[in-house]
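Trainee: The structure file final-v2.pdb (PDB, C-alpha atoms) is provided below.
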```pdb
MODEL        1
ATOM      1  CA  MET H 259     -37.016 -26.459  -0.106  1.00  0.00           C
ATOM      2  CA  ALA H 260     -33.897 -25.414   1.824  1.00  0.00           C
ATOM      3  CA  ALA H 261     -34.262 -23.578   5.097  1.00  0.00           C
ATOM      4  CA  GLY H 262     -34.086 -19.806   4.789  1.00  0.00           C
ATOM      5  CA  THR H 263     -35.085 -19.590   1.118  1.00  0.00           C
ATOM      6  CA  ARG H 264     -38.210 -17.734   0.144  1.00  0.00           C
ATOM      7  CA  THR H 265     -40.438 -18.228  -2.835  1.00  0.00           C
ATOM      8  CA  ASN H 266     -43.358 -16.165  -4.012  1.00  0.00           C
ATOM      9  CA  PRO H 267     -46.753 -17.905  -4.129  1.00  0.00           C
ATOM     10  CA  PRO H 268     -47.590 -19.286  -7.571  1.00  0.00           C
ATOM     11  CA  ASP H 269     -50.565 -16.922  -7.916  1.00  0.00           C
ATOM     12  CA  ALA H 270     -48.433 -13.800  -7.274  1.00  0.00           C
ATOM     13  CA  PRO H 271     -48.019 -11.445 -10.226  1.00  0.00           C
ATOM     14  CA  SER H 272     -44.754 -11.764 -12.135  1.00  0.00           C
ATOM     15  CA  SER H 273     -43.698  -8.225 -11.154  1.00  0.00           C
ATOM     16  CA  ALA H 274     -43.805  -9.234  -7.484  1.00  0.00           C
ATOM     17  CA  ARG H 275     -41.551 -12.213  -8.218  1.00  0.00           C
ATOM     18  CA  ASP H 276     -39.064  -9.997 -10.075  1.00  0.00           C
ATOM     19  CA  ALA H 277     -39.116  -7.195  -7.487  1.00  0.00           C
ATOM     20  CA  ALA H 278     -36.158  -6.611  -5.170  1.00  0.00           C
ATOM     21  CA  PRO H 279     -36.316  -8.631  -1.958  1.00  0.00           C
ATOM     22  CA  ARG H 280     -37.884  -6.874   0.997  1.00  0.00           C
ATOM     23  CA  GLY H 281     -37.122  -7.145   4.666  1.00  0.00           C
ATOM     24  CA  LEU H 282     -33.572  -7.323   5.971  1.00  0.00           C
ATOM     25  CA  ASP H 283     -32.132  -8.464   2.623  1.00  0.00           C
ATOM     26  CA  ASP H 284     -32.235  -4.931   1.230  1.00  0.00           C
ATOM     27  CA  LEU H 285     -30.571  -3.297   4.276  1.00  0.00           C
ATOM     28  CA  TYR H 286     -26.940  -2.241   4.331  1.00  0.00           C
ATOM     29  CA  ASP H 287     -25.145  -1.844   7.635  1.00  0.00           C
ATOM     30  CA  ILE H 288     -21.719  -0.224   7.957  1.00  0.00           C
ATOM     31  CA  GLY H 289     -19.897  -3.509   7.380  1.00  0.00           C
ATOM     32  CA  ARG H 290     -21.830  -4.410   4.247  1.00  0.00           C
ATOM     33  CA  LEU H 291     -21.455  -0.887   2.842  1.00  0.00           C
ATOM     34  CA  ALA H 292     -17.717  -0.930   3.574  1.00  0.00           C
ATOM     35  CA  ASP H 293     -17.385  -4.219   1.676  1.00  0.00           C
ATOM     36  CA  ARG H 294     -19.348  -2.757  -1.239  1.00  0.00           C
ATOM     37  CA  LEU H 295     -17.095   0.323  -1.436  1.00  0.00           C
ATOM     38  CA  GLY H 296     -13.866  -1.560  -0.679  1.00  0.00           C
ATOM     39  CA  VAL H 297     -12.946   0.431   2.435  1.00  0.00           C
ATOM     40  CA  GLU H 298     -12.542  -0.268   6.149  1.00  0.00           C
ATOM     41  CA  HIS H 299     -15.526  -0.109   8.526  1.00  0.00           C
ATOM     42  CA  ALA H 300     -13.919   2.781  10.400  1.00  0.00           C
ATOM     43  CA  THR H 301     -13.743   4.766   7.154  1.00  0.00           C
ATOM     44  CA  ILE H 302     -17.534   4.658   6.815  1.00  0.00           C
ATOM     45  CA  ARG H 303     -17.888   5.866  10.418  1.00  0.00           C
ATOM     46  CA  VAL H 304     -15.501   8.756   9.753  1.00  0.00           C
ATOM     47  CA  TRP H 305     -17.416   9.709   6.602  1.00  0.00           C
ATOM     48  CA  LEU H 306     -20.651   9.698   8.605  1.00  0.00           C
ATOM     49  CA  SER H 307     -19.169  11.923  11.304  1.00  0.00           C
ATOM     50  CA  ARG H 308     -17.778  14.334   8.705  1.00  0.00           C
ATOM     51  CA  LYS H 309     -21.066  14.308   6.826  1.00  0.00           C
ATOM     52  CA  VAL H 310     -19.490  13.885   3.399  1.00  0.00           C
ATOM     53  CA  PRO H 311     -22.001  15.168   0.835  1.00  0.00           C
ATOM     54  CA  TRP H 312     -22.123  12.075  -1.392  1.00  0.00           C
ATOM     55  CA  LEU H 313     -22.938   9.645   1.458  1.00  0.00           C
ATOM     56  CA  PRO H 314     -26.669   9.745   2.234  1.00  0.00           C
ATOM     57  CA  ALA H 315     -27.845   9.910   5.816  1.00  0.00           C
ATOM     58  CA  PRO H 316     -28.776   6.510   7.254  1.00  0.00           C
ATOM     59  CA  ASP H 317     -32.394   5.460   6.828  1.00  0.00           C
ATOM     60  CA  GLY H 318     -32.468   4.174  10.381  1.00  0.00           C
ATOM     61  CA  ARG H 319     -30.620   2.439  13.178  1.00  0.00           C
ATOM     62  CA  LEU H 320     -30.535  -1.251  13.951  1.00  0.00           C
ATOM     63  CA  ASN H 321     -28.943  -2.453  17.201  1.00  0.00           C
ATOM     64  CA  GLY H 322     -27.370   0.980  17.584  1.00  0.00           C
ATOM     65  CA  GLY H 323     -25.748   0.987  14.128  1.00  0.00           C
ATOM     66  CA  ALA H 324     -26.603   2.926  11.008  1.00  0.00           C
ATOM     67  CA  VAL H 325     -28.492   1.138   8.223  1.00  0.00           C
ATOM     68  CA  TRP H 326     -29.467   2.158   4.696  1.00  0.00           C
ATOM     69  CA  ARG H 327     -31.997   0.746   2.251  1.00  0.00           C
ATOM     70  CA  ALA H 328     -30.522  -0.596  -0.961  1.00  0.00           C
ATOM     71  CA  SER H 329     -32.610   1.928  -2.909  1.00  0.00           C
ATOM     72  CA  THR H 330     -30.972   4.784  -0.947  1.00  0.00           C
ATOM     73  CA  LEU H 331     -27.496   3.615  -1.962  1.00  0.00           C
ATOM     74  CA  GLU H 332     -28.221   3.171  -5.681  1.00  0.00           C
ATOM     75  CA  GLY H 333     -25.391   4.699  -7.698  1.00  0.00           C
ATOM     76  CA  ILE H 334     -23.224   5.469  -4.672  1.00  0.00           C
ATOM     77  CA  GLU H 335     -20.138   4.202  -6.489  1.00  0.00           C
ATOM     78  CA  GLU H 336     -20.567   6.914  -9.149  1.00  0.00           C
ATOM     79  CA  ARG H 337     -21.311   9.666  -6.590  1.00  0.00           C
ATOM     80  CA  ARG H 338     -18.356   8.799  -4.379  1.00  0.00           C
ATOM     81  CA  CYS H 339     -15.507  11.285  -4.508  1.00  0.00           C
ATOM     82  CA  LYS H 340     -12.213   9.482  -4.773  1.00  0.00           C
ATOM     83  CA  GLY H 341      -9.474  10.305  -2.330  1.00  0.00           C
ATOM     84  CA  ARG H 342      -9.725  11.636   1.153  1.00  0.00           C
ATOM     85  CA  PRO H 343     -12.729  13.801   1.930  1.00  0.00           C
ATOM     86  CA  GLY H 344     -11.013  15.496   4.854  1.00  0.00           C
ATOM     87  CA  ARG H 345      -7.922  17.642   4.938  1.00  0.00           C
ATOM     88  CA  LYS H 346      -6.348  19.005   1.818  1.00  0.00           C
ATOM     89  CA  PRO H 347      -3.008  17.472   0.827  1.00  0.00           C
ATOM     90  CA  ARG H 348       0.008  19.069   2.455  1.00  0.00           C
ATOM     91  CA  ILE H 349       2.127  21.222   0.166  1.00  0.00           C
ATOM     92  CA  VAL H 350       5.623  19.830  -0.097  1.00  0.00           C
ATOM     93  CA  PRO H 351       8.239  22.612  -0.181  1.00  0.00           C
ATOM     94  CA  PRO H 352      10.915  22.485  -2.876  1.00  0.00           C
ATOM     95  CA  ALA H 353      14.157  20.773  -1.981  1.00  0.00           C
ATOM     96  CA  ALA H 354      16.743  22.880  -0.198  1.00  0.00           C
ATOM     97  CA  ALA H 355      20.019  23.641  -1.979  1.00  0.00           C
ATOM     98  CA  SER H 356      21.868  21.359   0.427  1.00  0.00           C
ATOM     99  CA  GLU H 357      19.668  18.421  -0.635  1.00  0.00           C
ATOM    100  CA  VAL H 358      20.287  18.840  -4.368  1.00  0.00           C
ATOM    101  CA  PRO H 359      22.945  16.397  -5.588  1.00  0.00           C
ATOM    102  CA  ARG H 360      26.076  17.929  -7.059  1.00  0.00           C
ATOM    103  CA  THR H 361      27.114  17.128 -10.581  1.00  0.00           C
ATOM    104  CA  GLY H 362      30.826  17.875 -10.331  1.00  0.00           C
ATOM    105  CA  ALA H 363      33.529  20.065  -8.866  1.00  0.00           C
ATOM    106  CA  ILE H 364      32.823  23.739  -8.458  1.00  0.00           C
ATOM    107  CA  PRO H 365      35.093  25.717 -10.802  1.00  0.00           C
ATOM    108  CA  VAL H 366      37.284  28.439  -9.310  1.00  0.00           C
ATOM    109  CA  VAL H 367      36.960  31.733 -11.151  1.00  0.00           C
ATOM    110  CA  ARG H 368      39.418  34.525 -10.450  1.00  0.00           C
ATOM    111  CA  PRO H 369      37.967  37.970 -10.630  1.00  0.00           C
ATOM    112  CA  THR H 370      39.461  40.366 -13.114  1.00  0.00           C
ATOM    113  CA  LEU H 371      39.277  44.042 -12.339  1.00  0.00           C
ATOM    114  CA  PRO H 372      39.212  46.525 -15.157  1.00  0.00           C
ATOM    115  CA  GLN H 373      42.325  48.698 -15.269  1.00  0.00           C
ATOM    116  CA  PRO H 374      42.113  52.378 -16.026  1.00  0.00           C
ATOM    117  CA  SER H 375      43.518  53.023 -19.455  1.00  0.00           C
ATOM    118  CA  GLY H 376      46.277  55.434 -18.335  1.00  0.00           C
ATOM    119  CA  GLU H 377      47.877  53.296 -15.589  1.00  0.00           C
ATOM    120  CA  PRO H 378      50.293  50.433 -16.106  1.00  0.00           C
ATOM    121  CA  ARG H 379      49.050  46.906 -15.606  1.00  0.00           C
ATOM    122  CA  LEU H 380      50.058  44.935 -12.538  1.00  0.00           C
ATOM    123  CA  PRO H 381      51.963  41.723 -13.100  1.00  0.00           C
ATOM    124  CA  ALA H 382      49.893  38.549 -12.937  1.00  0.00           C
ATOM    125  CA  LEU H 383      50.040  36.512  -9.773  1.00  0.00           C
ATOM    126  CA  PRO H 384      52.005  33.301  -9.962  1.00  0.00           C
ATOM    127  CA  THR H 385      49.904  30.142 -10.019  1.00  0.00           C
ATOM    128  CA  ASP H 386      50.928  26.898  -8.371  1.00  0.00           C
TER     129      ASP H 386
ENDMDL
END
```
Please render this file's structure as structure tokens.

Mentor:
Amino acid sequence: MAAGTRTNPPDAPSSARDAAPRGLDDLYDIGRLADRLGVEHATIRVWLSRKVPWLPAPDGRLNGGAVWRASTLEGIEERRCKGRPGRKPRIVPPAAASEVPRTGAIPVVRPTLPQPSGEPRLPALPTD
């Protein structure tokens, strides 16, 4: 038998052999939980300080760090809210008119003033 492996006694009931391991094997520290969720260790610490609702409170402390039982974290992947739990996303204002690309030359439009019906029309201005 290799060092560090455990076996149940042969006279133990089959349910005890099939049960989840006890002791330190079923504990999750911040590092192990971060690996399980695919995030950085610091992210777990921030979530703990912000008390995000889907992350359960630690079951205890070991060497000054938070630990959870595996049974406490069952289904945490489904309960986890995706995205950032903190600040709401910043609203991006629409682009200013100066930032909009132009599509061509701006046409020049000459204003035409209505002439009273009884007065003679002025001659048109010469164009270059």

Trainee: Find the residues near region 323-337 of chain H: any atom within 7 Å, counting all atoms listed in the file, skip ones fewer than 2 places away on the same chain, and give them as a PyMOL selection string.

Mentor: chain H and resi 284-288+312+316-321+339

Trainee: At what distance in Å, to one decimal, does CA of Gly289 (chain H) lie from CA of Ile302 (chain H)?

Mentor: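 Going from CA of Ile302 (chain H) over to CA of Gly289 (chain H) covers 8.5 Å.
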
Trainee: What is the distance between CA of Arg308 (chain H) and CA of Arg338 (chain H), in Å to one decimal?

Mentor: 14.2 Å
